[in-house]
Amino acid sequence: MFAAAGSGAADDTWRVVDLEASWSPGVAGMNTCSWTVAQVPDIVVRVSHDSDIVNVGGAVRAFRRVQYGMYQDGGRWWLGRKVGGAANYEKLTGPLLAPASGGLDLNYYDVNGAATAVPANVRTIEIIIRAESFGTSRFG
């Protein structure tokens with residue numbers, strides 16, 4: 001996914017577009033761009049929207065969707081992630097306490113720091129991970 005902003009005051013809005021393809025400039029048949037100073041691009045991409053929304057010098061941000069969650073492996077709980085449309089979790093850390101014991105808690109806050117359940121109002125996410133202890137501790 002890409003988000004692009006115009007470079008003029010009236011059009012500085014972010015638009016999300018899908019990345020349809022990417023390739024090296026040589027494969028794309030592009031040797032130089034016709035800017036004020038000829039320059040070979042590092043990468044060429046095709047997006048799902050007309051590229052005229054991005055002016056030379058305008059900002060472009062690339063990102064991808066990632067789903068985080070707990071899953072079981074070997075009878076223990078782990079924090080994992082699924083990138084894009086992946087079917088399985090990639091192990092990140094653990095083992096964690098079981099979900100019923102609060103192994104992973106996500107708390108959502110708005111711009112004023114108040115808890116919110118409205119996705120459009122979320123500005124900060126507090127992530128709390130509680131891992132299993134390797135052994136006992138004299139501190140509890």
# chains A, B, ... in the order shown; residues from 1 in each chain; ligands from 1
>>> residues_around(residues="segment 90-104 of chain A", least_positions_apart="6", cutoff="10 Å", atoms="only C-alpha atoms", output="list in words")
Tyr68, Gly69, Met70, Tyr71, Gln72, Asp73, Gly75, Arg76, Trp77, Trp78, Leu79, Gly80, Arg81, Lys82, Val83, Ile127, Ile128, Ile129, Arg130, Ala131, Glu132, Ser133 and Phe134 of chain A
>>> write_last_selection(atoms="C-alpha atoms", output="compact mmCIF listing (two decimals), in the first residue's frame")
# COMPACT_ATOMS: atom_id res chain seq x y z
CA TYR A 68 -0.78 -9.13 15.52
CA GLY A 69 -2.23 -11.76 17.81
CA MET A 70 -1.66 -14.64 20.17
CA TYR A 71 -1.55 -18.21 18.93
CA GLN A 72 -0.68 -21.61 20.38
CA ASP A 73 2.33 -23.66 19.38
CA GLY A 75 0.87 -26.09 24.02
CA ARG A 76 2.20 -22.59 24.82
CA TRP A 77 1.03 -19.11 23.81
CA TRP A 78 3.09 -16.82 21.55
CA LEU A 79 2.81 -13.34 20.08
CA GLY A 80 2.85 -13.50 16.32
CA ARG A 81 2.12 -11.48 13.23
CA LYS A 82 0.53 -12.10 9.85
CA VAL A 83 1.84 -9.87 7.08
CA ILE A 127 0.50 -2.75 24.42
CA ILE A 128 1.00 -4.90 27.52
CA ILE A 129 2.72 -8.28 27.15
CA ARG A 130 2.94 -10.67 30.09
CA ALA A 131 5.38 -13.52 29.59
CA GLU A 132 5.73 -16.83 31.36
CA SER A 133 8.49 -16.87 33.93
CA PHE A 134 11.35 -19.29 33.41
>>> residues_around(residues="Val111 of chain A", least_positions_apart="3", cutoff="12 Å", atoms="only C-alpha atoms", output="MDAnalysis selection string")
chainID A and resid 108 114:116 118 120:125
>>> write_last_selection(atoms="N, CA and C atoms", output="PDB file, in the first residue's frame")
ATOM      1  N   TYR A 108      -6.799   1.212  23.889  1.00  0.00           N
ATOM      2  CA  TYR A 108      -6.877   2.233  22.850  1.00  0.00           C
ATOM      3  C   TYR A 108      -7.270   3.579  23.450  1.00  0.00           C
ATOM      4  N   ALA A 114      -7.991   9.692  26.557  1.00  0.00           N
ATOM      5  CA  ALA A 114      -9.132   8.974  27.129  1.00  0.00           C
ATOM      6  C   ALA A 114      -9.327   7.655  26.384  1.00  0.00           C
ATOM      7  N   ALA A 115      -9.701   6.614  27.117  1.00  0.00           N
ATOM      8  CA  ALA A 115      -9.950   5.315  26.490  1.00  0.00           C
ATOM      9  C   ALA A 115     -11.071   5.447  25.466  1.00  0.00           C
ATOM     10  N   THR A 116     -10.919   4.767  24.324  1.00  0.00           N
ATOM     11  CA  THR A 116     -11.938   4.807  23.279  1.00  0.00           C
ATOM     12  C   THR A 116     -12.100   3.434  22.642  1.00  0.00           C
ATOM     13  N   VAL A 118     -13.809   3.515  19.597  1.00  0.00           N
ATOM     14  CA  VAL A 118     -14.129   3.957  18.239  1.00  0.00           C
ATOM     15  C   VAL A 118     -12.842   3.954  17.409  1.00  0.00           C
ATOM     16  N   ALA A 120     -11.887   5.072  14.546  1.00  0.00           N
ATOM     17  CA  ALA A 120     -11.491   6.340  13.915  1.00  0.00           C
ATOM     18  C   ALA A 120     -10.902   7.334  14.915  1.00  0.00           C
ATOM     19  N   ASN A 121     -11.159   7.144  16.213  1.00  0.00           N
ATOM     20  CA  ASN A 121     -10.665   8.068  17.230  1.00  0.00           C
ATOM     21  C   ASN A 121      -9.350   7.635  17.864  1.00  0.00           C
ATOM     22  N   VAL A 122      -8.848   6.454  17.517  1.00  0.00           N
ATOM     23  CA  VAL A 122      -7.634   5.932  18.147  1.00  0.00           C
ATOM     24  C   VAL A 122      -6.409   6.728  17.697  1.00  0.00           C
ATOM     25  N   ARG A 123      -5.634   7.213  18.674  1.00  0.00           N
ATOM     26  CA  ARG A 123      -4.382   7.921  18.403  1.00  0.00           C
ATOM     27  C   ARG A 123      -3.189   7.237  19.056  1.00  0.00           C
ATOM     28  N   THR A 124      -3.448   6.475  20.122  1.00  0.00           N
ATOM     29  CA  THR A 124      -2.383   5.789  20.843  1.00  0.00           C
ATOM     30  C   THR A 124      -2.874   4.408  21.241  1.00  0.00           C
ATOM     31  N   ILE A 125      -1.989   3.424  21.132  1.00  0.00           N
ATOM     32  CA  ILE A 125      -2.308   2.072  21.567  1.00  0.00           C
ATOM     33  C   ILE A 125      -1.279   1.652  22.607  1.00  0.00           C
TER      34      ILE A 125
END
>>> select_by_dssp(residues="segment 61-135 of chain A", states="strand (DSSP E or B)", output="count of residues only")
39
